[in-house]
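**Q** Contents are mmCIF, C-alpha atoms and all ligand atoms; file name model-v4.cif:
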```cif
data_entry
#
loop_
_atom_site.label_atom_id
_atom_site.label_comp_id
_atom_site.auth_asym_id
_atom_site.auth_seq_id
_atom_site.Cartn_x
_atom_site.Cartn_y
_atom_site.Cartn_z
CA MET A 1 -28.52 40.17 22.29
CA ALA A 2 -26.78 42.00 25.13
CA GLU A 3 -24.24 44.55 23.98
CA HIS A 4 -21.42 43.04 26.02
CA ASP A 5 -22.09 39.64 24.46
CA LEU A 6 -21.97 41.14 20.97
CA LYS A 7 -18.72 42.88 21.76
CA ARG A 8 -17.16 39.67 23.07
CA LEU A 9 -18.47 37.66 20.13
CA PHE A 10 -16.91 40.16 17.77
CA ARG A 11 -13.58 39.70 19.57
CA ILE A 12 -14.07 35.90 19.41
CA GLN A 13 -14.59 36.22 15.67
CA GLU A 14 -11.41 38.30 15.32
CA LEU A 15 -9.44 35.69 17.24
CA GLU A 16 -10.89 32.82 15.21
CA GLN A 17 -9.92 34.63 12.01
CA LYS A 18 -6.46 35.14 13.43
CA LEU A 19 -6.15 31.40 14.06
CA ILE A 20 -7.16 30.72 10.45
CA ARG A 21 -4.54 33.20 9.21
CA LEU A 22 -1.93 31.64 11.48
CA GLU A 23 -2.74 28.17 10.17
CA ARG A 24 -2.50 29.41 6.59
CA PHE A 25 0.76 31.17 7.31
CA ARG A 26 2.24 28.02 8.82
CA LYS A 27 1.61 26.21 5.54
CA THR A 28 2.83 28.96 3.25
CA SER A 29 5.61 30.61 5.26
CA PRO A 30 8.98 30.90 3.49
CA GLU A 31 10.49 28.58 6.13
CA THR A 32 7.87 25.89 5.46
CA GLN A 33 8.23 26.27 1.69
CA LEU A 34 12.00 26.00 1.91
CA VAL A 35 11.75 22.77 3.91
CA ASN A 36 9.27 21.37 1.36
CA GLU A 37 11.50 22.33 -1.56
CA LEU A 38 14.62 20.87 0.03
CA GLN A 39 12.78 17.68 0.94
CA GLU A 40 11.74 17.32 -2.67
CA ARG A 41 15.27 18.01 -3.89
CA ALA A 42 16.86 15.51 -1.49
CA GLY A 43 14.22 12.97 -2.56
CA LYS A 44 15.10 13.44 -6.23
CA PHE A 45 18.79 12.90 -5.53
CA GLN A 46 17.99 9.79 -3.51
CA LYS A 47 15.99 8.36 -6.41
CA LEU A 48 18.87 9.14 -8.75
CA GLN A 49 21.25 7.40 -6.35
CA SER A 50 19.18 4.26 -6.35
CA VAL A 51 18.94 4.26 -10.17
CA LEU A 52 22.71 4.68 -10.43
CA ASP A 53 23.34 1.95 -7.83
CA LYS A 54 21.34 -0.48 -9.94
CA ARG A 55 23.14 0.52 -13.14
CA ILE A 56 26.53 0.22 -11.41
CA ALA A 57 25.66 -3.29 -10.22
CA VAL A 58 24.75 -4.25 -13.81
CA ALA A 59 28.00 -2.71 -15.11
CA GLN A 60 30.03 -4.54 -12.45
CA ARG A 61 28.47 -7.84 -13.47
CA SER A 62 29.25 -7.03 -17.10
CA VAL A 63 32.92 -6.30 -16.25
CA ARG A 64 33.15 -9.56 -14.32
CA SER A 65 31.72 -11.62 -17.17
CA ARG A 66 34.02 -9.87 -19.70
CA GLU A 67 37.00 -10.66 -17.48
CA LEU A 68 35.99 -14.31 -17.39
CA ALA A 69 35.44 -14.40 -21.17
CA LEU A 70 38.85 -12.83 -21.76
CA ALA A 71 40.55 -15.27 -19.36
CA ALA A 72 38.89 -18.21 -21.12
CA ALA A 73 39.94 -16.95 -24.57
CA GLU A 74 43.49 -16.36 -23.36
CA GLN A 75 43.64 -19.82 -21.87
CA SER A 76 42.50 -21.45 -25.12
CA GLN A 77 44.95 -19.30 -27.05
CA GLY A 78 47.78 -20.39 -24.71
CA ALA A 79 46.89 -24.07 -25.03
CA VAL A 80 46.86 -23.96 -28.86
CA ARG A 81 50.07 -21.97 -28.92
CA GLU A 82 51.72 -24.53 -26.64
CA ARG A 83 50.69 -27.42 -28.85
CA LEU A 84 51.99 -25.60 -31.92
CA TYR A 85 55.37 -24.73 -30.46
CA GLU A 86 55.99 -28.01 -28.68
CA GLY A 87 56.99 -29.27 -32.08
CA GLY A 88 55.22 -32.59 -31.58
CA ILE A 89 52.86 -32.05 -34.50
CA THR A 90 54.33 -32.71 -37.88
CA ASN A 91 51.26 -33.42 -39.93
CA PRO A 92 50.98 -30.35 -42.21
CA ARG A 93 47.19 -30.49 -42.29
CA GLU A 94 46.95 -30.64 -38.52
CA LEU A 95 49.53 -27.86 -38.25
CA SER A 96 47.63 -25.63 -40.60
CA GLN A 97 44.39 -26.29 -38.69
CA LEU A 98 46.09 -25.36 -35.44
CA GLU A 99 47.53 -22.17 -36.94
CA LYS A 100 44.12 -21.24 -38.19
CA ARG A 101 42.65 -21.91 -34.75
CA LEU A 102 45.39 -19.79 -33.13
CA ALA A 103 44.66 -16.91 -35.50
CA GLU A 104 40.94 -17.12 -34.62
CA LEU A 105 41.65 -17.16 -30.92
CA THR A 106 44.01 -14.18 -31.23
CA VAL A 107 41.19 -12.20 -32.87
CA GLN A 108 38.82 -13.32 -30.12
CA VAL A 109 41.24 -12.30 -27.36
CA GLU A 110 41.55 -8.84 -28.93
CA LYS A 111 37.80 -8.54 -29.14
CA GLU A 112 37.37 -9.62 -25.52
CA GLU A 113 40.00 -7.06 -24.49
CA THR A 114 38.18 -4.29 -26.33
CA ASP A 115 34.85 -5.33 -24.81
CA LEU A 116 36.35 -5.44 -21.33
CA LEU A 117 37.86 -1.97 -21.75
CA GLN A 118 34.52 -0.63 -22.89
CA ALA A 119 32.73 -2.22 -19.94
CA LEU A 120 35.32 -0.74 -17.57
CA GLU A 121 34.85 2.71 -19.09
CA GLU A 122 31.08 2.45 -18.69
CA LEU A 123 31.53 1.46 -15.06
CA GLU A 124 33.91 4.36 -14.45
CA THR A 125 31.50 6.83 -16.03
CA LEU A 126 28.66 5.57 -13.84
CA GLU A 127 30.81 5.69 -10.72
CA ALA A 128 31.84 9.27 -11.50
CA GLN A 129 28.16 10.23 -11.94
CA LYS A 130 27.32 8.48 -8.69
CA SER A 131 29.91 10.38 -6.68
CA LYS A 132 28.61 13.69 -8.06
CA VAL A 133 25.04 12.73 -7.13
CA ASP A 134 26.22 11.54 -3.69
CA ALA A 135 27.82 14.92 -3.05
CA ALA A 136 24.72 16.80 -4.23
CA GLU A 137 22.49 14.60 -2.09
CA ALA A 138 24.65 15.15 1.00
CA LYS A 139 24.55 18.91 0.39
CA ALA A 140 20.76 18.87 -0.04
CA ARG A 141 20.41 16.85 3.16
CA ARG A 142 22.59 19.30 5.11
CA GLU A 143 20.57 22.24 3.78
CA LEU A 144 17.35 20.44 4.66
CA HIS A 145 18.58 19.83 8.19
CA THR A 146 19.42 23.52 8.67
CA ALA A 147 16.06 24.60 7.21
CA GLN A 148 14.22 22.11 9.43
CA GLN A 149 15.93 23.47 12.52
CA LYS A 150 14.97 27.00 11.56
CA LEU A 151 11.39 25.92 10.89
CA GLU A 152 11.20 24.14 14.26
CA HIS A 153 12.33 27.34 15.91
CA MET A 154 9.62 29.29 14.07
CA GLN A 155 7.05 26.62 14.91
CA SER A 156 7.64 26.99 18.62
CA ALA A 157 7.02 30.73 18.27
CA TRP A 158 3.85 30.05 16.28
CA ASP A 159 2.74 27.46 18.83
CA LEU A 160 3.12 30.03 21.57
CA GLU A 161 1.17 32.64 19.62
CA GLU A 162 -1.57 30.12 18.92
CA ALA A 163 -1.74 29.04 22.55
CA MET A 164 -2.20 32.66 23.62
CA VAL A 165 -5.03 33.17 21.12
CA ARG A 166 -6.71 29.94 22.22
CA ASP A 167 -6.45 30.94 25.88
CA GLU A 168 -8.11 34.27 25.22
CA LEU A 169 -10.79 32.56 23.12
CA GLU A 170 -11.59 30.07 25.82
CA GLU A 171 -11.94 32.79 28.43
CA LEU A 172 -14.15 34.92 26.18
CA ARG A 173 -16.40 31.99 25.31
CA SER A 174 -16.97 31.31 29.00
CA GLN A 175 -18.06 34.94 29.43
CA VAL A 176 -20.67 34.97 26.65
CA SER A 177 -24.22 33.81 27.39
CA PRO A 178 -24.82 30.29 26.02
CA SER A 179 -27.76 31.41 23.85
CA ALA A 180 -25.71 34.18 22.18
CA LEU A 181 -22.83 31.76 21.62
CA ALA A 182 -25.21 29.18 20.14
CA LEU A 183 -26.64 31.77 17.72
CA TYR A 184 -23.12 32.80 16.74
CA GLU A 185 -22.09 29.20 16.05
CA ARG A 186 -25.28 28.53 14.10
CA LYS A 187 -24.79 31.54 11.84
CA LYS A 188 -21.24 30.57 10.93
CA ALA A 189 -22.35 28.16 8.22
CA SER A 190 -24.17 30.86 6.23
CA THR A 191 -21.63 33.64 6.78
CA GLU A 192 -18.32 32.01 5.82
CA GLY A 193 -17.38 31.74 9.46
CA THR A 194 -17.94 35.42 10.25
CA PRO A 195 -21.47 35.90 11.68
CA ILE A 196 -20.77 39.39 12.97
CA ALA A 197 -20.24 42.44 10.78
CA GLN A 198 -18.79 45.67 11.99
CA VAL A 199 -20.69 48.76 10.83
CA ILE A 200 -18.38 51.48 9.59
CA ARG A 201 -19.85 54.74 8.28
CA GLY A 202 -23.20 53.09 7.73
CA VAL A 203 -21.80 50.20 5.67
CA CYS A 204 -22.03 46.52 6.60
CA GLY A 205 -18.44 45.24 6.99
CA GLY A 206 -19.55 41.76 5.94
CA CYS A 207 -20.98 42.48 2.50
CA ARG A 208 -20.25 46.21 1.95
CA MET A 209 -23.90 47.10 1.61
CA THR A 210 -24.97 50.56 2.74
CA LEU A 211 -27.45 49.99 5.52
CA PRO A 212 -30.85 51.68 5.46
CA ALA A 213 -31.31 54.73 7.70
CA SER A 214 -33.91 52.85 9.75
CA VAL A 215 -31.14 50.47 10.85
CA THR A 216 -28.30 52.95 11.29
CA ALA A 217 -30.49 55.31 13.33
CA LEU A 218 -30.75 52.66 16.04
CA ARG A 219 -26.95 52.21 16.23
CA GLY A 220 -27.32 48.82 17.77
CA ALA A 221 -29.77 49.83 20.47
CA VAL A 222 -31.65 46.82 19.17
CA THR A 223 -29.75 43.83 17.79
CA SER A 224 -30.26 43.83 14.04
CA THR A 225 -28.96 41.86 11.12
CA CYS A 226 -27.87 42.93 7.66
CA GLU A 227 -30.68 42.37 5.19
CA GLN A 228 -28.28 41.32 2.48
CA CYS A 229 -25.80 38.98 4.18
CA GLY A 230 -27.67 38.11 7.34
CA ARG A 231 -24.79 39.01 9.67
CA ILE A 232 -25.40 40.42 13.13
CA LEU A 233 -24.49 44.09 13.02
CA TYR A 234 -21.97 45.43 15.46
CA TRP A 235 -21.28 49.11 16.08
CA PRO A 236 -17.80 49.62 17.48
CA ASP A 237 -17.45 52.14 20.35
ZN ZN B 1 -24.07 42.60 5.10
#
```
Take the structure in the file and give it back as structure tokens.
Ligand SMILES: [Zn+2]

**A**
Amino acid sequence: MAEHDLKRLFRIQELEQKLIRLERFRKTSPETQLVNELQERAGKFQKLQSVLDKRIAVAQRSVRSRELALAAAEQSQGAVRERLYEGGITNPRELSQLEKRLAELTVQVEKEETDLLQALEELETLEAQKSKVDAAEAKARRELHTAQQKLEHMQSAWDLEEAMVRDELEELRSQVSPSALALYERKKASTEGTPIAQVIRGVCGGCRMTLPASVTALRGAVTSTCEQCGRILYWPD
């Protein structure tokens, strides 16, 4: 392989590795992580909101039915009381039955009142919880919006950096002989994407093996590969 091809391929490899690092950084950058966290938090609050909405609807129905039950009991109580105090009933047995009925209805009205109060308290508690969750959700959403804007700003910088790397890559690829490029691409599968190893102080940069003197003596005058990892050896200038 021509020396200039090897040199360019090594630069291509560096740029490809840079793209991989960039991609990884995009996923793990603090800005990305913050957006993910805030999205999750806002989502949790939204779920809580929908649970509370359902429970509030149930509590509202309960209050409504207690109100109706109380009104019905009060109405019956009023009707019996009216009959008793009209004075039209003189039969002692009938009177005593009506008094007994009035006493029962009075107990029932009290019970309905207690139940209604309890239902109202439950509704109030739920509504108080809901307004707290609403506030927390709104705060999380505002924070998410800010974080998303910051991330978008970072992303445009990353996009630019990536575009520059891709431009350089494209130009370099067009300058390498097709056969050298094909060999490079072929070797990627067996070398974890890095077919070229830089030789530094007689050591293969791909697998850290000390190269035999027969190889290092040539210093790349002939294209050679590492016996251990199979990478094409590259001597930097
Ligand atoms: Zn090696």

**Q** For A:Gln149, find every residue with an atom within 12 Å (counting all atoms listed in the file), except residues of its own chain fewer than 5 positions away, and show them as a list in words.

**A**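 Neighbouring residues, sequence-local ones excluded: Glu31, Thr32, Leu34, Val35, Arg142, Glu143, Leu144, Met154, Gln155 and Ser156 of chain A.
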
**Q** Within 8 Å of A:Ile56, counting only C-alpha atoms, which residues show up once you throw out same-chain ones fewer than 6 positions away? Write them as a ChimeraX atom specification, please.

**A** /A:123,126-127

**Q** Please dump the current selection as a PDB file, in the coordinates of the input; keep C-alpha atoms.

**A**
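Saved to again04.pdb:
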```pdb
ATOM      1  CA  LEU A 123      31.530   1.460 -15.060  1.00  0.00           C
ATOM      2  CA  LEU A 126      28.660   5.570 -13.840  1.00  0.00           C
ATOM      3  CA  GLU A 127      30.810   5.690 -10.720  1.00  0.00           C
TER       4      GLU A 127
END
```

**Q** Please give me, as a list in words, the residues lying within 8 Å of ligand ZN 1 (chain B) when counting all atoms listed in the file.

**A** Ala197, Val203, Cys204, Gly205, Gly206, Cys207, Arg208, Met209, Thr225, Cys226, Glu227, Gln228, Cys229, Gly230 and Arg231 of chain A

**Q** Skip stretch 73-75 of chain A itself and residues of its chain fewer than 3 positions away, then list as a ChimeraX atom specification all residues within 7 Å of it, counting all atoms listed in the file.

**A** /A:69-70,78-79,105,108-109

**Q** Leaving out A:Ser76 and any residue of its chain fewer than 4 positions from it, which residues lie within 9 Å of it when counting only C-alpha atoms, given as a list in words?

**A**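 My reading of the contact set: Ala71, Ala72, Val80, Arg81, Leu102 and Leu105 of chain A.
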
**Q** Output C-alpha atoms for every residue in the selection just made, as a PDB file, in the coordinates of the input.

**A**
```
ATOM      1  CA  ALA A  71      40.550 -15.270 -19.360  1.00  0.00           C
ATOM      2  CA  ALA A  72      38.890 -18.210 -21.120  1.00  0.00           C
ATOM      3  CA  VAL A  80      46.860 -23.960 -28.860  1.00  0.00           C
ATOM      4  CA  ARG A  81      50.070 -21.970 -28.920  1.00  0.00           C
ATOM      5  CA  LEU A 102      45.390 -19.790 -33.130  1.00  0.00           C
ATOM      6  CA  LEU A 105      41.650 -17.160 -30.920  1.00  0.00           C
TER       7      LEU A 105
END
```

**Q** Could you please determine the separation between atom CA of A:Arg61 and atom CA of A:Ala119 in Å, to one decimal place?

**A**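 These atoms are spaced 9.6 Å apart.
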
**Q** Need the shell around A:Lys187: protein/DNA/RNA residues with any atom at most 10 Å away, counting all atoms listed in the file. Skip same-chain ones fewer than 6 positions apart. Format as a PDB file with C-alpha atoms, in the coordinates of the input?

**A**
```pdb
ATOM      1  CA  LEU A 181     -22.830  31.760  21.620  1.00  0.00           C
ATOM      2  CA  GLY A 193     -17.380  31.740   9.460  1.00  0.00           C
ATOM      3  CA  THR A 194     -17.940  35.420  10.250  1.00  0.00           C
ATOM      4  CA  PRO A 195     -21.470  35.900  11.680  1.00  0.00           C
ATOM      5  CA  ILE A 196     -20.770  39.390  12.970  1.00  0.00           C
ATOM      6  CA  GLY A 230     -27.670  38.110   7.340  1.00  0.00           C
ATOM      7  CA  ARG A 231     -24.790  39.010   9.670  1.00  0.00           C
ATOM      8  CA  ILE A 232     -25.400  40.420  13.130  1.00  0.00           C
TER       9      ILE A 232
END
```

**Q** Work out how far atom CA of A:Gln118 is from atom CA of A:Asp134, in Å to one decimal.

**A**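 Between atom CA of A:Asp134 and atom CA of A:Gln118 the gap is 24.2 Å.
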
**Q** Would you mind listing, for every residue of stretch 101-220 of chain A within 8 Å of stretch 16-29 of chain A, the two atoms forming the shortest contact and the distance between them in Å to one decimal, using all atoms listed in the file, sorted by chain and ascending residue number, as CSV?

**A**
```
residue,atom,partner,partner_atom,distance
A:Gln155,CA,A:Arg26,CA,7.9
A:Trp158,CA,A:Leu22,CA,7.7
A:Glu162,CA,A:Leu19,CA,6.8
A:Val165,CA,A:Leu19,CA,7.4
A:Leu169,CA,A:Glu16,CA,7.9
```

**Q** Between atom CA of A:Gln148 and atom CA of A:Arg166, what is the distance in Å, rounded to a tenth?

**A**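 Atom-to-atom, atom CA of A:Gln148 and atom CA of A:Arg166 are spaced 25.7 Å apart.
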
**Q** Here is a test: counting all atoms listed in the file, which residue of A:Val215, A:Glu67, A:Arg83, A:Glu40 is nearest to A:Lys111?

**A** A:Glu67

**Q** Find the smallest box with edges along x, y and z containing every listed atom of stretch 215-218 of chain A, then add 3 Å on each side and report centre and edge lengths in Å to one decimal, as AutoDock Vina command-line options.

**A**
```
--center_x -29.7 --center_y 52.9 --center_z 13.4 --size_x 8.8 --size_y 10.8 --size_z 11.2
```
